[in-house]
$ cat final11.txt   # compact mmCIF, C-alpha atoms
# COMPACT_ATOMS: atom_id res chain seq x y z
CA MET A 1 -31.79 -160.93 -140.01
CA GLU A 2 -29.22 -162.95 -138.08
CA ARG A 3 -26.56 -164.80 -139.99
CA ARG A 4 -26.72 -168.56 -139.90
CA ILE A 5 -23.61 -170.38 -138.75
CA ALA A 6 -22.61 -173.87 -139.78
CA THR A 7 -22.12 -175.88 -136.62
CA ARG A 8 -22.47 -179.51 -135.60
CA LEU A 9 -24.76 -181.83 -133.70
CA GLY A 10 -23.48 -184.41 -131.28
CA ASP A 11 -23.49 -187.02 -134.02
CA GLY A 12 -21.18 -184.85 -136.12
CA SER A 13 -23.73 -183.81 -138.72
CA PHE A 14 -23.88 -180.19 -139.86
CA ILE A 15 -26.64 -177.89 -138.75
CA GLU A 16 -27.10 -174.16 -139.25
CA LEU A 17 -27.96 -172.03 -136.25
CA THR A 18 -28.13 -168.31 -135.64
CA PRO A 19 -26.01 -166.83 -132.83
CA SER A 20 -29.18 -166.45 -130.78
CA GLU A 21 -30.01 -170.11 -131.23
CA ILE A 22 -26.47 -171.10 -130.27
CA GLU A 23 -26.68 -168.95 -127.17
CA ALA A 24 -30.02 -170.51 -126.27
CA ASP A 25 -28.43 -173.95 -126.65
CA LEU A 26 -25.54 -172.98 -124.41
CA VAL A 27 -27.89 -171.79 -121.69
CA ALA A 28 -30.13 -174.84 -122.04
CA GLY A 29 -27.16 -177.23 -121.97
CA SER A 30 -25.82 -175.65 -118.82
CA GLU A 31 -29.23 -175.74 -117.19
CA MET A 32 -29.61 -179.42 -118.02
CA GLY A 33 -26.19 -180.20 -116.58
CA ALA A 34 -27.00 -178.24 -113.44
CA LYS A 35 -30.35 -179.93 -113.04
CA ARG A 36 -28.89 -183.42 -113.21
CA SER A 37 -25.71 -182.91 -111.24
CA LYS A 38 -26.89 -180.17 -108.83
CA ALA A 39 -23.93 -178.02 -109.92
CA PRO A 40 -24.31 -174.27 -110.49
CA VAL A 41 -25.09 -173.09 -114.02
CA LEU A 42 -22.37 -171.34 -115.99
CA GLY A 43 -22.08 -167.61 -115.51
CA ASP A 44 -22.99 -164.99 -118.10
CA ASP A 45 -19.33 -164.34 -118.90
CA GLU A 46 -18.74 -168.05 -119.48
CA ILE A 47 -21.76 -168.33 -121.76
CA ALA A 48 -20.55 -165.25 -123.64
CA HIS A 49 -17.09 -166.77 -124.10
CA LEU A 50 -18.57 -170.05 -125.33
CA LEU A 51 -20.76 -168.08 -127.73
CA ASP A 52 -17.64 -166.40 -129.15
CA ILE A 53 -16.18 -169.84 -129.80
CA PHE A 54 -19.26 -171.48 -131.28
CA ALA A 55 -20.56 -168.49 -133.25
CA SER A 56 -17.25 -168.11 -135.05
CA GLU A 57 -17.19 -169.13 -138.70
CA ALA A 58 -13.51 -170.08 -138.59
CA LYS A 59 -12.76 -173.73 -139.23
CA PHE A 60 -10.36 -173.91 -136.32
CA SER A 61 -10.27 -172.63 -132.78
CA ALA A 62 -7.48 -172.77 -130.22
CA VAL A 63 -6.53 -171.65 -126.73
CA ASP A 64 -4.59 -168.46 -126.20
CA LEU A 65 -0.79 -168.61 -126.13
CA GLY A 66 0.27 -169.62 -122.66
CA ASP A 67 -2.92 -171.53 -121.86
CA GLU A 68 -1.78 -174.82 -123.37
CA VAL A 69 -2.45 -177.95 -121.36
CA VAL A 70 -1.00 -181.44 -121.14
CA LEU A 71 -2.47 -184.04 -123.47
CA SER A 72 -2.47 -187.57 -122.08
CA PHE A 73 -3.51 -189.90 -124.87
CA ASP A 74 -5.05 -193.27 -124.23
CA GLY A 75 -4.76 -196.03 -126.76
CA CYS A 76 -2.21 -194.40 -129.05
CA GLY A 77 -2.54 -195.39 -132.68
CA ASN A 78 -4.77 -197.39 -134.95
CA ALA A 79 -2.51 -200.44 -135.25
CA ASP A 80 -2.86 -200.07 -139.01
CA ALA A 81 0.73 -199.11 -139.80
CA GLY A 82 3.77 -200.63 -138.17
CA THR A 83 3.86 -202.02 -134.65
CA PRO A 84 2.39 -200.87 -131.33
CA VAL A 85 5.81 -199.50 -130.47
CA SER A 86 6.01 -197.51 -133.70
CA ASP A 87 2.53 -196.16 -132.97
CA LEU A 88 3.95 -194.66 -129.78
CA ILE A 89 6.82 -193.04 -131.66
CA ILE A 90 4.36 -191.61 -134.16
CA TYR A 91 2.20 -190.11 -131.43
CA GLN A 92 5.25 -188.69 -129.67
CA ASN A 93 6.98 -187.33 -132.76
CA HIS A 94 4.14 -186.51 -135.13
CA HIS A 95 1.02 -185.85 -133.03
CA GLY A 96 2.59 -183.74 -130.31
CA ALA A 97 1.51 -186.08 -127.54
CA ASP A 98 2.75 -185.05 -124.12
CA SER A 99 2.35 -188.59 -122.86
CA VAL A 100 1.60 -191.84 -124.66
CA GLU A 101 0.04 -195.16 -123.81
CA LEU A 102 0.81 -198.72 -124.86
CA TRP A 103 -2.37 -200.73 -125.30
CA HIS A 104 -3.74 -204.00 -126.57
CA HIS A 105 -6.55 -204.41 -129.10
CA ASP A 106 -8.60 -206.27 -126.51
CA TYR A 107 -8.49 -203.26 -124.23
CA SER A 108 -9.39 -205.05 -121.02
CA TYR A 109 -7.19 -205.96 -118.06
CA LYS A 110 -8.74 -209.44 -118.01
CA ALA A 111 -7.76 -209.99 -121.64
CA VAL A 112 -4.32 -208.41 -121.25
CA LYS A 113 -3.52 -210.85 -118.46
CA THR A 114 -3.57 -213.67 -121.01
CA VAL A 115 -0.98 -211.98 -123.26
CA LEU A 116 0.90 -210.21 -120.51
CA SER A 117 4.34 -211.52 -121.38
CA PHE A 118 4.08 -210.05 -124.89
CA GLU A 119 2.73 -206.74 -123.61
CA THR A 120 5.48 -206.36 -121.02
CA GLN A 121 8.13 -207.09 -123.64
CA ALA A 122 6.61 -204.40 -125.84
CA MET A 123 6.66 -201.99 -122.89
CA LYS A 124 10.31 -202.72 -122.18
CA ASP A 125 11.25 -202.29 -125.83
CA ALA A 126 9.23 -199.09 -126.13
CA GLN A 127 10.82 -197.56 -123.05
CA MET A 128 14.18 -197.75 -124.83
CA MET A 129 12.98 -195.47 -127.60
CA VAL A 130 10.19 -193.31 -126.20
CA VAL A 131 11.11 -190.16 -124.30
CA ALA A 132 7.63 -188.96 -123.33
CA PRO A 133 5.98 -190.53 -120.29
CA LEU A 134 4.72 -193.95 -121.37
CA ASN A 135 1.85 -195.59 -119.53
CA TYR A 136 0.08 -198.88 -119.98
CA GLY A 137 -3.68 -198.71 -120.29
CA ALA A 138 -6.76 -200.91 -120.45
CA MET A 139 -10.29 -201.06 -119.10
CA PRO A 140 -11.36 -202.59 -115.80
CA ASP A 141 -14.30 -204.06 -117.77
CA LEU A 142 -16.13 -205.75 -114.91
CA GLY A 143 -18.72 -207.26 -117.23
CA ARG A 144 -16.03 -209.49 -118.70
CA TYR A 145 -16.08 -211.49 -115.45
CA SER A 146 -19.72 -212.48 -115.80
CA MET A 147 -21.03 -215.49 -117.66
CA PRO A 148 -20.60 -216.53 -120.42
CA ASP A 149 -17.24 -214.70 -120.65
CA GLY A 150 -16.35 -215.06 -116.99
CA PRO A 151 -16.89 -217.23 -113.93
CA VAL A 152 -19.60 -215.37 -112.02
CA PRO A 153 -23.37 -215.34 -112.66
CA ASN A 154 -24.43 -212.52 -114.96
CA TRP A 155 -25.98 -209.76 -112.87
CA SER A 156 -27.51 -208.12 -115.93
CA GLU A 157 -29.64 -211.26 -116.29
CA LEU A 158 -30.36 -211.62 -112.58
CA LEU A 159 -31.53 -208.06 -112.01
CA PRO A 160 -34.55 -208.18 -114.38
CA LEU A 161 -35.58 -211.41 -112.63
CA GLY A 162 -35.64 -209.59 -109.32
CA ARG A 163 -32.80 -211.70 -107.95
CA ILE A 164 -31.18 -208.64 -106.41
CA ALA A 165 -29.16 -210.29 -103.68
CA GLU A 166 -27.61 -212.73 -106.12
CA ALA A 167 -26.89 -209.95 -108.61
CA ARG A 168 -25.13 -207.94 -105.94
CA ALA A 169 -23.11 -210.92 -104.78
CA SER A 170 -22.01 -211.56 -108.37
CA GLN A 171 -20.75 -208.03 -108.78
CA VAL A 172 -18.79 -208.19 -105.55
CA GLU A 173 -17.23 -211.50 -106.56
CA ALA A 174 -16.40 -210.21 -110.03
CA GLY A 175 -14.82 -207.17 -108.45
CA VAL A 176 -12.40 -209.31 -106.48
CA TYR A 177 -11.23 -211.01 -109.68
CA ALA A 178 -11.00 -207.71 -111.55
CA THR A 179 -8.95 -206.03 -108.84
CA ARG A 180 -6.60 -208.99 -108.75
CA ASP A 181 -6.08 -208.85 -112.52
CA MET A 182 -5.52 -205.10 -112.57
CA VAL A 183 -2.92 -205.36 -109.81
CA HIS A 184 -1.26 -208.32 -111.53
CA VAL A 185 -0.92 -206.42 -114.81
CA ALA A 186 0.22 -203.26 -113.05
CA ASP A 187 2.95 -205.10 -111.17
CA ALA A 188 4.27 -206.60 -114.39
CA MET A 189 4.14 -203.32 -116.26
CA VAL A 190 5.98 -201.39 -113.59
CA GLU A 191 8.65 -204.10 -113.57
CA ALA A 192 8.89 -203.68 -117.36
CA GLY A 193 9.53 -199.96 -116.95
CA ALA A 194 6.13 -198.32 -117.35
CA ASP A 195 5.81 -194.76 -116.07
CA GLY A 196 2.25 -195.39 -115.03
CA LEU A 197 -1.06 -197.16 -115.47
CA ASP A 198 -4.31 -195.94 -116.97
CA PHE A 199 -7.66 -197.38 -115.92
CA ASP A 200 -9.87 -196.28 -118.78
CA THR A 201 -13.68 -196.18 -118.60
CA SER A 202 -13.71 -196.89 -114.88
CA GLY A 203 -17.26 -197.42 -113.73
CA ALA A 204 -18.46 -198.57 -117.14
CA ALA A 205 -20.32 -201.47 -115.52
CA GLY A 206 -21.47 -199.35 -112.64
CA ASP A 207 -20.46 -198.98 -109.02
CA GLY A 208 -18.99 -202.49 -108.81
CA ASP A 209 -16.69 -201.70 -111.70
CA LEU A 210 -15.52 -198.46 -110.10
CA LEU A 211 -15.00 -200.09 -106.71
CA ALA A 212 -12.83 -202.82 -108.23
CA THR A 213 -10.75 -200.10 -109.87
CA LEU A 214 -10.37 -198.01 -106.73
CA ASN A 215 -9.32 -201.07 -104.76
CA ALA A 216 -6.75 -201.87 -107.43
CA VAL A 217 -5.45 -198.29 -107.39
CA ARG A 218 -5.03 -198.43 -103.64
CA GLN A 219 -3.02 -201.64 -103.82
CA ILE A 220 -0.88 -200.41 -106.69
CA ARG A 221 -0.17 -197.13 -104.92
CA ALA A 222 0.94 -199.03 -101.82
CA ALA A 223 3.23 -201.27 -103.84
CA TRP A 224 4.61 -198.63 -106.23
CA PRO A 225 4.75 -195.19 -104.58
CA GLU A 226 6.38 -193.57 -107.64
CA ALA A 227 4.03 -194.94 -110.32
CA GLY A 228 1.65 -192.69 -112.16
CA ILE A 229 -1.96 -193.82 -111.94
CA GLU A 230 -4.66 -192.34 -114.13
CA VAL A 231 -8.33 -193.10 -113.44
CA GLY A 232 -10.49 -192.20 -116.42
CA MET A 233 -14.22 -192.48 -116.03
CA ALA A 234 -16.78 -194.02 -118.37
CA GLY A 235 -19.60 -191.60 -117.74
CA GLU A 236 -20.76 -188.61 -115.80
CA CYS A 237 -22.71 -190.45 -113.11
CA VAL A 238 -21.84 -193.78 -111.55
CA LEU A 239 -24.61 -196.26 -112.24
CA GLY A 240 -25.89 -198.13 -109.20
CA MET A 241 -25.87 -201.62 -110.66
CA HIS A 242 -25.28 -202.81 -107.09
CA GLY A 243 -26.47 -199.70 -105.33
CA GLU A 244 -24.88 -200.11 -101.94
CA LEU A 245 -21.15 -200.34 -102.59
CA GLU A 246 -18.98 -197.86 -100.75
CA PHE A 247 -15.39 -196.68 -100.88
CA GLU A 248 -14.04 -195.15 -97.70
CA GLY A 249 -17.53 -194.80 -96.31
CA ARG A 250 -19.07 -193.07 -99.32
CA ARG A 251 -21.58 -194.72 -101.58
CA LEU A 252 -20.37 -194.89 -105.18
CA ALA A 253 -23.73 -195.16 -106.89
CA GLY A 254 -24.92 -191.79 -108.06
CA MET A 255 -21.53 -190.08 -107.74
CA TRP A 256 -20.89 -187.15 -110.07
CA PRO A 257 -17.41 -186.02 -111.15
CA LYS A 258 -16.52 -184.04 -108.05
CA ASP A 259 -17.12 -187.03 -105.77
CA GLN A 260 -15.57 -189.41 -108.29
CA LEU A 261 -12.46 -187.22 -108.15
CA ALA A 262 -12.41 -187.39 -104.35
CA ALA A 263 -12.62 -191.18 -104.42
CA ALA A 264 -9.88 -191.51 -107.03
CA THR A 265 -7.64 -189.13 -105.09
CA ALA A 266 -8.22 -191.01 -101.84
CA ALA A 267 -7.32 -194.28 -103.55
CA GLY A 268 -4.00 -192.84 -104.72
CA ALA A 269 -4.53 -191.74 -108.31
CA THR A 270 -2.24 -189.07 -109.77
CA ILE A 271 -4.55 -188.03 -112.59
CA PHE A 272 -8.36 -188.06 -112.76
CA GLY A 273 -10.28 -188.00 -116.02
CA PRO A 274 -13.98 -187.09 -115.80
CA ALA A 275 -16.23 -188.10 -118.66
CA VAL A 276 -19.49 -186.50 -119.75
CA ASN A 277 -21.48 -188.34 -122.37
CA VAL A 278 -22.61 -186.65 -125.57
CA ASN A 279 -26.26 -186.31 -126.55
CA THR A 280 -26.10 -186.93 -130.29
CA THR A 281 -29.36 -185.08 -131.00
CA LYS A 282 -28.22 -181.84 -129.42
CA SER A 283 -25.71 -179.32 -130.75
CA VAL A 284 -22.05 -179.51 -129.82
CA ALA A 285 -22.51 -176.15 -128.09
CA TRP A 286 -25.28 -177.60 -125.92
CA ASN A 287 -23.16 -180.61 -125.09
CA VAL A 288 -20.09 -178.55 -124.21
CA ALA A 289 -22.06 -176.22 -121.95
CA ARG A 290 -23.55 -179.20 -120.20
CA ALA A 291 -20.15 -180.89 -119.85
CA CYS A 292 -18.52 -177.75 -118.45
CA THR A 293 -21.31 -177.34 -115.92
CA ILE A 294 -21.03 -180.91 -114.68
CA VAL A 295 -17.25 -180.94 -114.39
CA LYS A 296 -16.64 -177.42 -113.13
CA PRO A 297 -17.12 -178.33 -109.42
CA CYS A 298 -14.09 -180.63 -109.75
CA MET A 299 -11.63 -177.91 -110.51
CA ALA A 300 -11.64 -175.93 -107.28
CA ALA A 301 -11.61 -179.13 -105.25
CA ALA A 302 -8.88 -180.96 -107.18
CA THR A 303 -5.52 -181.67 -105.56
CA ILE A 304 -4.40 -183.87 -108.46
CA PRO A 305 -4.47 -183.00 -112.19
CA VAL A 306 -7.82 -183.24 -113.93
CA HIS A 307 -7.57 -184.45 -117.54
CA MET A 308 -11.06 -184.34 -118.93
CA ASN A 309 -11.97 -187.03 -121.42
CA ALA A 310 -12.52 -185.38 -124.80
CA GLY A 311 -12.64 -188.31 -127.16
CA MET A 312 -15.31 -189.59 -129.47
CA GLY A 313 -18.68 -189.12 -127.80
CA VAL A 314 -17.44 -187.56 -124.56
CA GLY A 315 -16.78 -184.05 -123.38
CA GLY A 316 -18.71 -182.65 -126.30
CA VAL A 317 -16.68 -184.22 -129.11
CA PRO A 318 -19.12 -185.63 -131.66
CA MET A 319 -19.88 -189.31 -131.68
CA SER A 320 -18.69 -190.05 -135.18
CA ALA A 321 -16.00 -192.24 -136.70
CA TYR A 322 -13.98 -189.22 -137.81
CA PRO A 323 -14.71 -186.44 -135.31
CA PRO A 324 -14.67 -183.27 -137.42
CA THR A 325 -11.82 -180.87 -136.84
CA ASP A 326 -14.03 -177.80 -136.54
CA ALA A 327 -16.07 -179.31 -133.73
CA THR A 328 -13.17 -181.00 -131.93
CA ALA A 329 -11.08 -177.83 -131.91
CA ARG A 330 -13.97 -175.84 -130.44
CA VAL A 331 -14.55 -178.45 -127.77
CA SER A 332 -10.84 -178.59 -126.96
CA ARG A 333 -10.59 -174.86 -126.52
CA ALA A 334 -13.93 -174.46 -124.72
CA LEU A 335 -13.15 -177.09 -122.09
CA VAL A 336 -9.73 -175.62 -121.36
CA ASP A 337 -10.91 -172.01 -121.33
CA ILE A 338 -13.93 -172.52 -119.10
CA LEU A 339 -12.68 -175.23 -116.75
CA LYS A 340 -8.97 -174.29 -116.50
CA LEU A 341 -8.19 -177.96 -116.89
CA ASP A 342 -4.81 -179.49 -116.17
CA GLY A 343 -5.08 -181.52 -119.34
CA LEU A 344 -7.17 -183.46 -121.77
CA MET B 1 -8.90 -186.11 -133.50
CA ALA B 2 -5.63 -186.51 -131.63
CA SER B 3 -3.90 -184.01 -133.87
CA THR B 4 -6.78 -181.57 -133.55
CA HIS B 5 -6.53 -181.54 -129.77
CA ALA B 6 -2.75 -181.23 -129.97
CA LEU B 7 -3.01 -178.18 -132.22
CA ALA B 8 -5.96 -176.58 -130.40
CA SER B 9 -4.87 -176.89 -126.81
CA GLY B 10 -1.82 -179.10 -126.40
CA MET B 11 1.57 -178.02 -125.18
CA GLY B 12 3.33 -179.75 -128.06
CA GLY B 13 5.00 -182.78 -126.54
CA MET B 14 8.69 -183.16 -127.32
CA ARG B 15 8.62 -180.20 -129.67
CA THR B 16 8.35 -178.15 -126.52
CA ALA B 17 8.38 -179.07 -122.81
CA GLY B 18 5.02 -180.82 -122.92
CA ASP B 19 6.41 -184.23 -122.07
CA LEU B 20 8.36 -182.75 -119.16
CA VAL B 21 5.29 -181.03 -117.71
CA ALA B 22 3.31 -184.22 -118.29
CA ARG B 23 5.90 -186.20 -116.36
CA MET B 24 5.46 -183.97 -113.33
CA GLN B 25 1.69 -184.45 -113.52
CA ILE B 26 1.72 -188.20 -114.04
CA THR B 27 4.35 -189.15 -111.48
CA ARG B 28 4.03 -186.31 -108.97
CA GLY B 29 0.36 -185.42 -109.30
CA MET B 30 1.19 -181.75 -109.82
CA ARG B 31 -1.56 -179.45 -111.08
CA LEU B 32 -0.80 -177.72 -114.36
CA THR B 33 0.42 -174.39 -113.01
CA GLN B 34 2.62 -176.06 -110.42
CA ALA B 35 4.03 -178.47 -112.99
CA LYS B 36 4.80 -175.67 -115.46
CA GLU B 37 6.47 -173.53 -112.81
CA TYR B 38 8.50 -176.50 -111.59
CA VAL B 39 9.74 -177.38 -115.05
CA ALA B 40 10.46 -173.77 -115.99
CA GLY B 41 12.48 -173.44 -112.82
CA LYS B 42 14.51 -176.53 -113.55
CA LEU B 43 15.12 -175.54 -117.17
CA GLY B 44 15.90 -171.92 -116.31
CA CYS B 45 13.36 -170.60 -118.78
CA SER B 46 10.12 -168.62 -118.75
CA LEU B 47 6.65 -170.12 -118.63
CA ARG B 48 6.07 -168.89 -122.17
CA ASP B 49 9.16 -170.77 -123.35
CA LEU B 50 7.65 -174.07 -122.19
CA ALA B 51 5.21 -174.22 -125.12
CA ASP B 52 7.47 -172.46 -127.61
CA PRO B 53 9.12 -174.94 -130.01
CA VAL B 54 11.70 -172.34 -131.07
CA ALA B 55 12.94 -171.75 -127.54
CA MET B 56 12.61 -175.36 -126.46
CA HIS B 57 14.52 -176.69 -129.47
CA ASP B 58 17.62 -174.92 -128.17
CA ILE B 59 16.98 -175.62 -124.49
CA ARG B 60 16.40 -179.33 -125.06
CA GLY B 61 19.54 -179.47 -127.15
CA GLU B 62 21.67 -177.72 -124.54
CA LEU B 63 20.40 -179.93 -121.73
CA GLY B 64 20.31 -183.18 -123.74
CA LEU B 65 16.61 -183.78 -123.15
CA GLY B 66 15.95 -185.33 -126.55
CA ARG B 67 14.75 -183.73 -129.77
CA ILE B 68 12.50 -184.99 -132.54
CA PRO B 69 14.24 -185.52 -135.88
CA VAL B 70 12.60 -183.75 -138.81
CA GLN B 71 13.62 -185.03 -142.26
CA ASP B 72 17.31 -184.11 -142.60
CA LEU B 73 17.44 -182.43 -139.21
CA THR B 74 18.68 -185.37 -137.15
CA TYR B 75 20.30 -185.74 -133.75
CA ALA B 76 22.20 -189.02 -133.87
CA ASN B 77 25.01 -187.64 -131.71
CA GLU B 78 22.69 -186.34 -129.00
CA PRO B 79 20.83 -188.10 -126.19
CA GLY B 80 17.67 -189.72 -127.43
CA GLY B 81 15.25 -192.35 -126.19
CA LEU B 82 16.39 -193.82 -122.90
CA GLU B 83 19.56 -191.69 -122.98
CA ALA B 84 17.41 -188.56 -122.93
CA LYS B 85 15.40 -189.91 -120.03
CA PHE B 86 18.60 -190.22 -117.99
CA ARG B 87 19.13 -186.52 -118.63
CA ILE B 88 15.48 -185.66 -117.91
CA ALA B 89 15.60 -187.49 -114.59
CA ALA B 90 18.72 -185.59 -113.61
CA VAL B 91 17.50 -182.16 -114.75
CA LEU B 92 14.00 -182.48 -113.27
CA GLY B 93 15.21 -184.24 -110.16
CA VAL B 94 12.68 -187.05 -110.39
CA PRO B 95 13.17 -190.79 -110.66
CA ILE B 96 12.10 -192.33 -113.95
CA ASN B 97 11.16 -196.00 -113.70
CA SER B 98 12.73 -197.14 -116.98
CA VAL B 99 15.93 -195.28 -116.15
CA GLU B 100 16.22 -196.84 -112.70
CA ARG B 101 15.61 -200.32 -114.04
CA PHE B 102 18.09 -199.88 -116.90
CA ARG B 103 20.67 -198.62 -114.45
CA ARG B 104 20.14 -201.60 -112.17
CA ARG B 105 20.00 -204.23 -114.91
CA ALA B 106 22.98 -202.82 -116.79
CA GLY B 107 24.99 -202.76 -113.59
CA ILE B 108 25.57 -199.02 -113.75
CA ASP B 109 26.38 -197.43 -110.41
CA GLY B 110 25.09 -194.08 -109.26

$ encode --input "final11.txt" --output "structure tokens"
Amino acid sequence: MERRIATRLGDGSFIELTPSEIEADLVAGSEMGAKRSKAPVLGDDEIAHLLDIFASEAKFSAVDLGDEVVLSFDGCGNADAGTPVSDLIIYQNHHGADSVELWHHDYSYKAVKTVLSFETQAMKDAQMMVVAPLNYGAMPDLGRYSMPDGPVPNWSELLPLGRIAEARASQVEAGVYATRDMVHVADAMVEAGADGLDFDTSGAAGDGDLLATLNAVRQIRAAWPEAGIEVGMAGECVLGMHGELEFEGRRLAGMWPKDQLAAATAAGATIFGPAVNVNTTKSVAWNVARACTIVKPCMAAATIPVHMNAGMGVGGVPMSAYPPTDATARVSRALVDILKLDGL
Amino acid sequence: MASTHALASGMGGMRTAGDLVARMQITRGMRLTQAKEYVAGKLGCSLRDLADPVAMHDIRGELGLGRIPVQDLTYANEPGGLEAKFRIAAVLGVPINSVERFRRRAGIDG
């Protein structure tokens, strides 16, 4: 009789599976990822390697010596001890962060614009003490520009009413404002000494959100040739909330990571972060196999570093308040081993 | 979660050469292998040394690239913070934004 191994579901809860069941999950996860994204399934050797990782009973798992990657952290700290600047020092000195990010609680470029003078002062002060590359990060957050929080009609309300043309026009208008705000914040942060900018959860509000970000990246690249620019995605497939928006002649709606990477690279990004959402009812093994399948086409095509998002609820890391170490370590190692990532 | 990733797959930040490799990725868009080879070349060390805190403790000290204090192991008389970034910019041969702006605003030539 096969041994039963304690493993996790995507919501972080424990489940016991036999090695055969884990292997079946790995195959099924890869097949699901391939079906949705039209990418090839993982090979037998890759499934076997993932099975070694997920069928282990060890609490911890790690990459081989020499295979370590760069960790670019977004939103460093919990803001529950000390100041935002001390959070950065803690991440640099105590968490082994290879790069760190200054951030505001209201993690949105629209919100940051209203407290920009304070954020730039913090960036300047932090740059005196921090040695690791220090970026400034926030979300494009296109929805923030729609009523009642913003000036444009709310497309999420217009779409169900069938007012498609108006909904599309709203998204385009919101995108102009969002791009302007992202560029405004970026300019100020570079002047304050930032090493780069991070646009986290790009595409969260769909293709309009991603387009606003790409337009901002292009302008920032033109203005600041030396700045680092990281584009981190919100999800695996760009939602077509508008449906017809294009960047450099390619429609954004329906893009999977490989095409998202191409768009970010063309805009001038220096790091691209694909995101694959976790299915909380499936095992972590299933989720990781699916994530690897969806992202793998990026790696051969990439000309800039790919730092896959492996935070709470993405990349296979369980969607739970305290992602368990056993699951997170396995995800960390699995993504690096299979995808040969440039970072996480 | 952050610590788990750092232990499972991270280079180790300032304990090693992780921040240096990261800098080549962020500001130069170098892929991981290229960034590691570049940094190893500039530091005069092996690729294995890049993620080895024992080797990098000495290398960072010799080159003034900044080291993390640990309890009574402190480095008050060595480059740290922005000082270390001046050294990093020189050793890696890349401009660092905060260094350039400090230089300009402090009226330091060269």

$ interface_residues --input "final11.txt" --of "chain B" --to "chain A" --cutoff "7 Å" --atoms "all atoms listed in the file" --output "mmCIF file with C-alpha atoms, keeping the file's coordinate frame"
data_model
loop_
_atom_site.group_PDB
_atom_site.id
_atom_site.type_symbol
_atom_site.label_atom_id
_atom_site.label_comp_id
_atom_site.auth_asym_id
_atom_site.auth_seq_id
_atom_site.Cartn_x
_atom_site.Cartn_y
_atom_site.Cartn_z
ATOM 1 C CA MET B 1 -8.900 -186.110 -133.500
ATOM 2 C CA ALA B 2 -5.630 -186.510 -131.630
ATOM 3 C CA SER B 3 -3.900 -184.010 -133.870
ATOM 4 C CA THR B 4 -6.780 -181.570 -133.550
ATOM 5 C CA HIS B 5 -6.530 -181.540 -129.770
ATOM 6 C CA ALA B 6 -2.750 -181.230 -129.970
ATOM 7 C CA ALA B 8 -5.960 -176.580 -130.400
ATOM 8 C CA SER B 9 -4.870 -176.890 -126.810
ATOM 9 C CA GLY B 10 -1.820 -179.100 -126.400
ATOM 10 C CA MET B 11 1.570 -178.020 -125.180
ATOM 11 C CA GLY B 12 3.330 -179.750 -128.060
ATOM 12 C CA GLY B 13 5.000 -182.780 -126.540
ATOM 13 C CA MET B 14 8.690 -183.160 -127.320
ATOM 14 C CA GLY B 18 5.020 -180.820 -122.920
ATOM 15 C CA ASP B 19 6.410 -184.230 -122.070
ATOM 16 C CA ALA B 22 3.310 -184.220 -118.290
ATOM 17 C CA ARG B 23 5.900 -186.200 -116.360
ATOM 18 C CA GLN B 25 1.690 -184.450 -113.520
ATOM 19 C CA ILE B 26 1.720 -188.200 -114.040
ATOM 20 C CA THR B 27 4.350 -189.150 -111.480
ATOM 21 C CA ARG B 28 4.030 -186.310 -108.970
ATOM 22 C CA GLY B 29 0.360 -185.420 -109.300
ATOM 23 C CA MET B 30 1.190 -181.750 -109.820
ATOM 24 C CA ARG B 31 -1.560 -179.450 -111.080
ATOM 25 C CA LEU B 32 -0.800 -177.720 -114.360
ATOM 26 C CA ARG B 48 6.070 -168.890 -122.170
ATOM 27 C CA ILE B 68 12.500 -184.990 -132.540
ATOM 28 C CA GLY B 81 15.250 -192.350 -126.190
ATOM 29 C CA LEU B 82 16.390 -193.820 -122.900
ATOM 30 C CA ALA B 84 17.410 -188.560 -122.930
ATOM 31 C CA LYS B 85 15.400 -189.910 -120.030
ATOM 32 C CA ASN B 97 11.160 -196.000 -113.700
ATOM 33 C CA SER B 98 12.730 -197.140 -116.980
ATOM 34 C CA ARG B 101 15.610 -200.320 -114.040
#

$ atom_distance --input "final11.txt" --atom1 "CA of Leu142 in chain A" --atom2 "CA of Asp80 in chain A"
28.1 Å

$ atom_distance --input "final11.txt" --atom1 "CA of Tyr107 in chain A" --atom2 "CA of Ser170 in chain A"
22.4 Å

$ closest_residue --input "final11.txt" --among "A:Met1, A:Val41, A:Leu158, A:Leu50" --to "Val284 in chain A" --atoms "only C-alpha atoms"
A:Leu50

$ atom_distance --input "final11.txt" --atom1 "CA of Gly249 in chain A" --atom2 "CA of Gly206 in chain A"
17.4 Å

$ residues_near_point --input "final11.txt" --point "(-30.0, -213.4, -112.6)" --cutoff "12 Å" --atoms "all atoms listed in the file" --output "PyMOL selection string"
chain A and resi 146-147+152-171

$ residues_around --input "final11.txt" --residues "Phe118 in chain A" --least-positions-apart "3" --cutoff "12 Å" --atoms "all atoms listed in the file" --output "PyMOL selection string"
chain A and resi 84+102-104+112-115+121-125+185+188-189+192

$ closest_residue --input "final11.txt" --among "B:Arg15, B:Leu7, B:Pro79, B:Leu63" --to "Asp49 in chain B" --atoms "all atoms listed in the file"
B:Arg15

$ closest_residue --input "final11.txt" --among "B:Asp72, B:Glu62, B:Glu100, B:Asp109" --to "Gly44 in chain B" --atoms "all atoms listed in the file"
B:Glu62

$ residues_near_point --input "final11.txt" --point "(18.6, -176.1, -125.3)" --cutoff "12 Å" --atoms "only C-alpha atoms" --output "PyMOL selection string"
chain B and resi 15-17+43-45+49-50+52-67+78

$ residues_around --input "final11.txt" --residues "range 275-280 of chain A" --least-positions-apart "3" --cutoff "7 Å" --atoms "all atoms listed in the file" --output "PyMOL selection string"
chain A and resi 9-11+233-236+287+291+308-309+313-316+319
